[in-house]
Structures are given as C-alpha cells and as structure tokens.
$ cat query_36.cif   # mmCIF, C-alpha atoms and all ligand atoms
data_data
loop_
_atom_site.label_atom_id
_atom_site.label_comp_id
_atom_site.auth_asym_id
_atom_site.auth_seq_id
_atom_site.Cartn_x
_atom_site.Cartn_y
_atom_site.Cartn_z
CA MET A 1 105.29 49.43 50.04
CA THR A 2 106.28 49.75 46.42
CA ARG A 3 106.18 53.16 44.84
CA PHE A 4 103.19 52.01 42.76
CA SER A 5 101.06 50.70 45.62
CA ARG A 6 101.87 53.81 47.66
CA ARG A 7 100.51 55.91 44.83
CA ILE A 8 97.32 53.80 44.66
CA PHE A 9 96.99 54.15 48.44
CA LEU A 10 97.31 57.93 48.21
CA VAL A 11 94.71 58.09 45.46
CA TYR A 12 92.28 56.05 47.61
CA LEU A 13 93.06 58.17 50.66
CA THR A 14 92.38 61.39 48.74
CA GLU A 15 89.11 60.00 47.45
CA PHE A 16 88.06 58.85 50.89
CA VAL A 17 88.79 62.26 52.41
CA THR A 18 86.93 64.02 49.59
CA VAL A 19 83.84 61.84 49.99
CA PHE A 20 84.00 62.14 53.79
CA LEU A 21 84.25 65.94 53.63
CA GLY A 22 81.54 66.02 50.98
CA ILE A 23 79.08 64.12 53.17
CA PHE A 24 79.81 66.07 56.34
CA GLY A 25 80.05 69.39 54.53
CA PHE A 26 76.62 68.78 53.07
CA ARG A 27 75.17 67.58 56.40
CA SER A 28 76.38 70.59 58.29
CA SER A 29 75.01 72.99 55.69
CA ALA A 30 71.65 71.21 55.68
CA LYS A 31 71.59 71.30 59.48
CA GLY A 32 72.56 74.98 59.37
CA ALA A 33 69.61 75.74 57.13
CA SER A 34 67.05 73.89 59.22
CA SER A 35 68.21 75.46 62.50
CA GLY A 36 67.82 78.90 60.95
CA VAL A 37 71.58 79.55 60.65
CA TYR A 38 71.00 80.60 57.15
CA LYS A 39 72.88 83.83 56.75
CA GLY A 40 76.64 83.41 56.88
CA THR A 41 76.61 80.06 55.12
CA PRO A 42 77.19 80.18 51.38
CA PHE A 43 74.60 77.42 50.92
CA ILE A 44 70.92 78.08 50.38
CA GLY A 45 68.52 75.34 51.42
CA LYS A 46 64.98 74.65 52.58
CA THR A 47 63.88 76.16 55.88
CA ARG A 48 60.82 76.82 58.01
CA GLU A 49 62.65 78.20 61.02
CA ASN A 50 62.81 81.75 62.33
CA PRO A 51 62.91 84.27 60.69
CA PHE A 52 61.15 82.31 57.94
CA GLN A 53 58.04 81.23 59.86
CA LYS A 54 55.76 83.67 58.05
CA PHE A 55 57.06 82.63 54.65
CA TYR A 56 58.69 79.22 54.39
CA ILE A 57 61.50 78.58 51.96
CA ASN A 58 61.44 75.58 49.67
CA TYR A 59 64.43 74.44 47.66
CA TRP A 60 64.91 71.15 45.93
CA LYS A 61 68.62 70.88 46.80
CA PRO A 62 71.03 73.05 48.77
CA PHE A 63 73.17 75.12 46.43
CA LEU A 64 75.82 77.82 46.46
CA ARG A 65 74.35 81.33 46.35
CA VAL A 66 74.07 82.99 42.94
CA ASP A 67 76.51 85.86 42.32
CA GLY A 68 74.31 88.66 40.94
CA GLU A 69 77.22 90.43 39.24
CA ARG A 70 78.25 87.41 37.23
CA TRP A 71 74.75 85.97 36.76
CA THR A 72 73.14 86.20 33.33
CA LEU A 73 69.80 84.90 32.10
CA ARG A 74 70.12 82.82 28.97
CA VAL A 75 66.95 82.73 26.84
CA HIS A 76 67.11 80.27 23.96
CA GLY A 77 65.32 77.45 22.14
CA LEU A 78 62.55 77.98 19.57
CA CYS A 79 62.99 81.72 19.00
CA GLU A 80 64.45 84.02 16.34
CA ASN A 81 66.82 85.93 18.65
CA PRO A 82 68.29 83.83 21.45
CA GLN A 83 69.75 86.29 23.96
CA THR A 84 71.52 86.64 27.26
CA PHE A 85 70.45 89.33 29.74
CA SER A 86 72.16 90.86 32.74
CA LEU A 87 70.18 91.69 35.87
CA SER A 88 70.38 95.43 35.15
CA GLN A 89 69.00 94.88 31.65
CA LEU A 90 66.01 93.06 33.15
CA GLU A 91 65.54 95.80 35.75
CA ALA A 92 65.31 98.35 32.92
CA PHE A 93 62.11 96.76 31.53
CA PRO A 94 58.81 98.52 32.42
CA LYS A 95 58.20 97.64 36.10
CA LYS A 96 55.14 95.81 37.38
CA THR A 97 54.25 95.46 41.05
CA GLN A 98 51.50 93.28 42.52
CA THR A 99 50.50 91.88 45.87
CA SER A 100 49.69 88.21 45.68
CA ARG A 101 49.61 85.04 47.70
CA LEU A 102 51.88 82.08 47.07
CA LYS A 103 50.13 78.80 47.89
CA CYS A 104 52.18 75.64 48.34
CA VAL A 105 50.52 72.35 47.54
CA GLU A 106 51.68 71.23 51.04
CA CYS A 107 48.90 73.59 52.26
CA TRP A 108 50.58 76.70 53.68
CA SER A 109 50.35 80.04 51.91
CA ALA A 110 51.93 83.48 52.36
CA LYS A 111 51.53 86.92 50.85
CA ALA A 112 54.00 89.52 49.56
CA GLU A 113 54.37 92.48 47.25
CA TRP A 114 56.31 91.39 44.17
CA THR A 115 58.08 93.61 41.63
CA GLY A 116 59.43 92.63 38.24
CA PHE A 117 58.41 92.68 34.61
CA HIS A 118 55.90 90.93 32.40
CA PHE A 119 57.09 87.91 30.39
CA SER A 120 56.00 89.64 27.16
CA GLU A 121 59.05 91.96 27.53
CA LEU A 122 61.31 88.98 26.89
CA ASP A 123 59.13 87.71 24.05
CA GLN A 124 59.35 91.05 22.26
CA LEU A 125 63.14 90.78 22.10
CA THR A 126 63.63 87.05 21.62
CA LYS A 127 60.71 86.54 19.20
CA PRO A 128 59.51 83.00 19.92
CA LEU A 129 58.48 80.92 16.89
CA PRO A 130 54.74 80.10 16.52
CA GLU A 131 55.40 76.47 17.55
CA ALA A 132 56.96 77.55 20.88
CA LYS A 133 53.94 76.67 23.04
CA GLY A 134 55.98 75.82 26.14
CA ILE A 135 58.63 77.45 28.34
CA VAL A 136 61.18 75.63 30.48
CA PHE A 137 63.00 77.14 33.48
CA ARG A 138 66.27 75.69 34.80
CA CYS A 139 67.32 76.80 38.27
CA ALA A 140 70.46 77.03 40.40
CA ASP A 141 69.39 74.09 42.61
CA ASP A 142 68.81 71.75 39.64
CA TYR A 143 65.07 72.39 39.84
CA LEU A 144 63.17 72.37 36.56
CA GLU A 145 59.72 73.76 35.93
CA ALA A 146 57.81 74.41 32.73
CA GLY A 147 54.48 75.65 31.51
CA LEU A 148 52.44 76.94 28.61
CA ARG A 149 53.58 80.27 27.19
CA GLU A 150 49.95 81.47 27.26
CA ASP A 151 49.98 81.05 31.07
CA PHE A 152 53.14 83.15 31.42
CA LEU A 153 51.46 85.83 29.30
CA GLN A 154 48.49 86.12 31.72
CA PRO A 155 48.31 89.59 33.32
CA ARG A 156 48.95 88.20 36.89
CA SER A 157 52.06 86.21 35.87
CA LEU A 158 55.27 88.07 36.69
CA MET A 159 59.01 87.65 36.33
CA VAL A 160 60.12 88.92 39.75
CA TYR A 161 63.39 90.36 41.13
CA ALA A 162 62.08 92.20 44.22
CA MET A 163 59.90 91.24 47.18
CA ASN A 164 58.35 93.75 49.59
CA GLY A 165 60.43 96.55 48.06
CA LYS A 166 63.82 94.81 48.38
CA PRO A 167 65.84 92.67 45.97
CA LEU A 168 64.83 89.01 46.32
CA SER A 169 66.65 87.25 49.14
CA ASP A 170 68.63 84.13 48.22
CA GLY A 171 65.94 82.09 49.95
CA HIS A 172 63.08 83.55 47.96
CA GLY A 173 64.84 83.13 44.63
CA PHE A 174 67.55 85.76 44.00
CA PRO A 175 68.09 87.01 41.36
CA LEU A 176 64.94 86.09 39.39
CA ARG A 177 61.82 84.00 39.97
CA VAL A 178 58.36 83.42 38.56
CA ILE A 179 55.22 84.51 40.42
CA MET A 180 52.05 82.93 39.08
CA PRO A 181 49.42 83.31 41.80
CA PHE A 182 46.79 81.05 40.21
CA LYS A 183 49.17 78.06 40.26
CA TYR A 184 50.62 76.17 43.24
CA GLY A 185 54.03 77.23 44.52
CA TYR A 186 55.88 74.51 42.62
CA LYS A 187 54.96 76.27 39.34
CA ASN A 188 56.85 79.40 40.59
CA PRO A 189 60.54 78.56 39.90
CA LYS A 190 63.22 80.53 41.80
CA ALA A 191 66.91 81.30 41.24
CA ILE A 192 66.39 80.95 37.48
CA LEU A 193 69.50 80.46 35.32
CA GLU A 194 68.02 79.65 31.96
CA ILE A 195 64.79 79.85 29.94
CA GLU A 196 64.08 77.69 26.91
CA TYR A 197 61.23 77.92 24.41
CA VAL A 198 59.98 74.42 23.54
CA LYS A 199 57.10 72.84 21.62
CA GLU A 200 55.47 71.20 24.65
CA PRO A 201 56.22 71.85 28.32
CA PRO A 202 57.84 68.75 29.89
CA TYR A 203 56.96 67.61 33.44
CA GLY A 204 58.70 69.65 36.13
CA THR A 205 60.75 68.34 39.07
CA TRP A 206 57.73 67.75 41.36
CA SER A 207 55.11 66.60 38.88
CA LYS A 208 57.60 64.03 37.59
CA ILE A 209 57.96 62.43 41.04
CA GLY A 210 54.85 63.18 43.03
CA PRO A 211 51.10 63.19 42.66
CA TYR A 212 51.23 66.88 41.69
CA SER A 213 49.57 67.81 38.39
CA ALA A 214 51.76 69.07 35.56
CA ASP A 215 49.33 71.97 35.11
CA GLY A 216 49.45 73.03 38.78
CA THR A 217 46.31 75.23 38.81
CA ILE A 218 45.15 75.78 42.43
CA LEU A 219 42.15 73.53 43.13
CA PRO A 220 39.21 74.14 45.49
CA GLY A 221 40.14 72.94 48.98
CA TYR A 222 41.74 74.30 52.12
CA ASP A 223 44.45 76.81 52.92
CA HIS A 224 46.58 77.57 56.01
CA PRO A 225 47.81 81.17 55.61
CA LEU A 226 51.03 81.56 57.65
CA ASP A 227 50.45 85.31 57.93
CA GLN A 228 47.06 84.65 59.58
CA GLY A 229 48.34 82.14 62.10
CA GLY A 230 47.91 79.14 59.80
CA LYS A 231 44.16 78.95 60.54
CA THR A 232 42.28 76.57 58.20
CA ARG A 233 40.05 78.24 55.64
CA LYS A 234 38.22 77.22 52.49
CA ILE A 235 39.46 78.24 49.05
CA TYR A 236 37.60 78.00 45.77
CA GLY A 237 40.29 77.33 43.15
CA GLY A 238 42.53 79.66 41.12
CA GLU A 239 44.24 82.70 42.65
CA ILE A 240 43.41 83.21 46.32
CA PRO A 241 42.22 86.83 46.30
CA TYR A 242 42.77 87.61 50.02
N1 LIG B 301 64.46 76.67 42.14
C1 LIG B 301 63.41 76.27 42.87
N2 LIG B 301 62.27 76.96 42.79
C2 LIG B 301 61.20 76.57 43.53
C3 LIG B 301 61.25 75.43 44.36
C4 LIG B 301 62.48 74.71 44.39
O1 LIG B 301 62.61 73.69 45.08
N3 LIG B 301 63.55 75.17 43.65
N4 LIG B 301 60.17 75.05 45.09
C5 LIG B 301 58.85 75.54 44.66
C6 LIG B 301 57.84 75.35 45.68
S1 LIG B 301 57.32 73.78 45.95
C7 LIG B 301 57.29 76.40 46.37
S2 LIG B 301 56.00 76.19 47.43
C8 LIG B 301 57.81 77.78 46.20
C9 LIG B 301 58.15 78.37 47.55
O2 LIG B 301 58.61 79.67 47.42
P1 LIG B 301 59.40 80.32 48.62
O3 LIG B 301 60.54 79.41 48.92
O4 LIG B 301 59.79 81.69 48.17
O5 LIG B 301 58.43 80.36 49.78
O6 LIG B 301 58.98 77.82 45.40
C10 LIG B 301 58.91 77.02 44.25
N5 LIG B 301 60.06 77.30 43.45
MO MO B 302 55.53 73.92 47.39
#

$ encode --input "query_36.cif" --output "structure tokens"
Amino acid sequence: MTRFSRRIFLVYLTEFVTVFLGIFGFRSSAKGASSGVYKGTPFIGKTRENPFQKFYINYWKPFLRVDGERWTLRVHGLCENPQTFSLSQLEAFPKKTQTSRLKCVECWSAKAEWTGFHFSELDQLTKPLPEAKGIVFRCADDYLEAGLREDFLQPRSLMVYAMNGKPLSDGHGFPLRVIMPFKYGYKNPKAILEIEYVKEPPYGTWSKIGPYSADGTILPGYDHPLDQGGKTRKIYGGEIPY
C-alpha cells in the first residue's frame, strides 16, 4: 500500500467506525428509553413505560439532557429589548401555579400541578413590537412550535419550570416548557432553548407533517385519561376542566 492509499483507507475506516457507532449508539439509547431505562442514560427520548405510565413522555428526537447551569433562554426577534435569561432570573418572576390536564391529540391525557410564570413577564422586559403577532419556540430536540401571542397571554397559559412541586424532569421538559391547557399537547413545547417574536406563527413540527391543525385548539371528541385508567369519556372542546 502506498502512503497515500493507506491514508485514504484510514479516513474511510474512521468514517465507517463513526457511522457504525452512531447508529448503534442511537439504537441503544432509543431502546433504553422505551424499556424504561431512562435514568442513567444522558439521552432523553419518548417513553410510555414504567414509571411513566400515568404520564407519557413525547419527544420528537432523542437528545442530550439540558445542563440547567449553563442553559439560558434567548428571547429575540421583533422586540425592542432582545434579552437572554438564566433559570434563576425566570424563577424570580411572580409565581403562578395551576392544576391542569395535558391532552395529546393521540387521545391520552394526564393531569399535574404546574408552576411557572405568565408570558406577560417576558413581554414587559423584551417589549415586543406591535407587529409581533406570533411567537416561535425552538427546543433541545429540534422541535419547533409556534402560536399567536394573544394565546400565550391568556390567563391559563403558563411558562412552566416545576411540576407537582418539583423542578421539571428532563422527560417533562426541563428546564422550561409551555402549558396551554386549551390546546393539544403538541402546542406545549418542552425543553425550550429559544423564543422568537415573529409577524405570523409558522407551522410547528407536527402540523407541518401530520393532519394536526396549526391552531391546535382541543376539539369536541373523546379522551382517555391515564390517571383514571384510560377509560373513554366524552369531551366538549377547549380545556378539559376535570
Ligand atoms: N420539545 C418538545 N416538546 C414537545 C413535544 C416534543 O416532541 N418535543 N411533544 C409535544 C406533544 S405531542 C405532547 S403530547 C406533549 C407531551 O408532554 P409530556 O411529554 O410532558 O407528557 O409535549 C409536547 N411538547
Ligand atoms: Mo402529543
């Protein structure tokens, strides 16, 4: 082998090993998540296994957990004062706590007590321009969701960092998520990294692919509450009040 072809060979070998490890590394983490071996792996993924049977976890893609000490929330776009916040700055806003049900468009729902702050706290500091009608959220798993600013300003919409009295778990969206109980789960982005004020909300990850509406308001139909044994019941549209 000439020196040149040996170098080419080594480059190919390195690439092959990287791809091979990439595929199997990913597989084993995905398998870990679905068999409930969730803690102890640095990857966060989707799971419905114990201990998550009373509140499933949905994530678009597996991702490395967010480091709360280094994490900052960047708020930018159509506003006078783009700003970056640390978690402790967000925790210093006036606290709001509410119990509400999260309803996935796949039919299950589950209930929790959520604590955080109202979106208007951010608005007061960042001062969105009058044309900023939409808000975009970009998340750690490459998920994107968006909506009308007027919906985020509704009294039941919350920016949440704690669930049932404890900081959000990685699975449920550490360090920051949206809770909007009158919209389907997919309008409740988790593990938020960045917020952008825009003129018009674009389609989010799910409404771009699937038959899910961009608006995401809960429609009349049926629900299967996990905390009540998944029994079928009728719902009437909007927030499920029980
Ligand atoms: N970052 C991110 N947020 C997300 C999702 C996601 O895939 N990635 N899935 C959404 C969907 S479809 C649902 S039903 C809820 C589920 O919230 P949970 O995982 O806390 O039960 O999260 C929403 N937020
Ligand atoms: Mo969902």

$ closest_residue --input "query_36.cif" --among "A:Trp206, A:Tyr242, A:Phe152, A:Tyr222" --to "A:Ser120" --atoms "all atoms listed in the file"
A:Phe152

$ atom_distance --input "query_36.cif" --atom1 "atom CA of A:Arg70" --atom2 "atom CA of A:Phe119"
22.2 Å

$ atom_distance --input "query_36.cif" --atom1 "atom CA of A:Glu145" --atom2 "atom CA of A:Leu226"
24.7 Å

$ residues_around --input "query_36.cif" --residues "stretch 163-169 of chain A" --least-positions-apart "5" --cutoff "6 Å" --atoms "all atoms listed in the file" --output "PyMOL selection string"
chain A and resi 113-114+174

$ closest_atom_pairs --input "query_36.cif" --of "chain A" --to "ligand MO 302 (chain B)" --cutoff "10 Å" --atoms "only C-alpha atoms and all ligand atoms" --output "tab-separated table"
residue	atom	partner	partner_atom	distance
A:Tyr56	CA	B:MO302	MO	9.3
A:Ile57	CA	B:MO302	MO	8.8
A:Asn58	CA	B:MO302	MO	6.5
A:Tyr59	CA	B:MO302	MO	8.9
A:Trp60	CA	B:MO302	MO	9.9
A:Leu102	CA	B:MO302	MO	8.9
A:Lys103	CA	B:MO302	MO	7.3
A:Cys104	CA	B:MO302	MO	3.9
A:Val105	CA	B:MO302	MO	5.3
A:Glu106	CA	B:MO302	MO	5.9
A:Cys107	CA	B:MO302	MO	8.2
A:Trp108	CA	B:MO302	MO	8.5
A:Ser109	CA	B:MO302	MO	9.2
A:Tyr184	CA	B:MO302	MO	6.8
A:Gly185	CA	B:MO302	MO	4.6
A:Tyr186	CA	B:MO302	MO	4.8
A:Lys187	CA	B:MO302	MO	8.4
A:Asn188	CA	B:MO302	MO	8.8
A:Trp206	CA	B:MO302	MO	8.9

$ closest_residue --input "query_36.cif" --among "A:Gly229, A:Gly216, A:Pro202, A:Pro155" --to "ligand LIG 301 (chain B)" --atoms "all atoms listed in the file"
A:Gly216

$ closest_residue --input "query_36.cif" --among "A:Glu239, A:Glu150, A:Glu131, A:Asp227" --to "A:Phe55" --atoms "all atoms listed in the file"
A:Asp227

$ closest_residue --input "query_36.cif" --among "A:Gly171, A:Pro220, A:Gly238, A:Pro82" --to "ligand LIG 301 (chain B)" --atoms "only C-alpha atoms and all ligand atoms"
A:Gly171

$ atom_distance --input "query_36.cif" --atom1 "atom CA of A:Gly204" --atom2 "atom CA of A:Ala146"
5.9 Å

$ axis_aligned_box --input "query_36.cif" --around "ligand LIG 301 (chain B)" --padding-each-side "3 Å" --output "AutoDock Vina command-line options"
--center_x 60.2 --center_y 77.7 --center_z 46.0 --size_x 14.5 --size_y 14.0 --size_z 13.6

$ closest_residue --input "query_36.cif" --among "A:Gly237, A:Pro181, A:Pro130, A:Gly68" --to "ligand LIG 301 (chain B)" --atoms "all atoms listed in the file"
A:Pro181

$ closest_residue --input "query_36.cif" --among "A:His172, A:Arg101, A:Arg65, A:Lys127" --to "ligand LIG 301 (chain B)" --atoms "all atoms listed in the file"
A:His172

$ residues_around --input "query_36.cif" --residues "A:Phe117" --least-positions-apart "2" --cutoff "7 Å" --atoms "all atoms listed in the file" --output "list in words"
Phe93, Pro94, Lys95, Lys96, Phe119, Leu158, Met159 and Val160 of chain A

$ residues_around --input "query_36.cif" --residues "A:Val75" --least-positions-apart "4" --cutoff "10 Å" --atoms "only C-alpha atoms" --output "list in words"
Cys79, Asn81, Pro82, Gln83, Thr84, Phe85, Leu122, Asp123, Thr126, Ile135, Val136, Phe137, Leu193, Glu194, Ile195, Glu196 and Tyr197 of chain A

$ residues_around --input "query_36.cif" --residues "A:Lys190" --least-positions-apart "5" --cutoff "8 Å" --atoms "only C-alpha atoms" --output "VMD selection string"
chain A and resid 139 172 to 174 176 to 178

$ residues_near_point --input "query_36.cif" --point "(48.0, 82.7, 38.6)" --cutoff "8 Å" --atoms "only C-alpha atoms" --output "NGL selection string"
:A and (151 or 154 or 156-157 or 179-183 or 217 or 238-239)

$ residues_around --input "query_36.cif" --residues "A:Arg233" --least-positions-apart "6" --cutoff "10 Å" --atoms "all atoms listed in the file" --output "JSON list (two decimals) with C-alpha atoms, in the frame of the given file"
[["chain", "number", "residue", "atom", "x", "y", "z"],
["A", 221, "GLY", "CA", 40.14, 72.94, 48.98],
["A", 222, "TYR", "CA", 41.74, 74.30, 52.12],
["A", 223, "ASP", "CA", 44.45, 76.81, 52.92],
["A", 224, "HIS", "CA", 46.58, 77.57, 56.01],
["A", 225, "PRO", "CA", 47.81, 81.17, 55.61]]
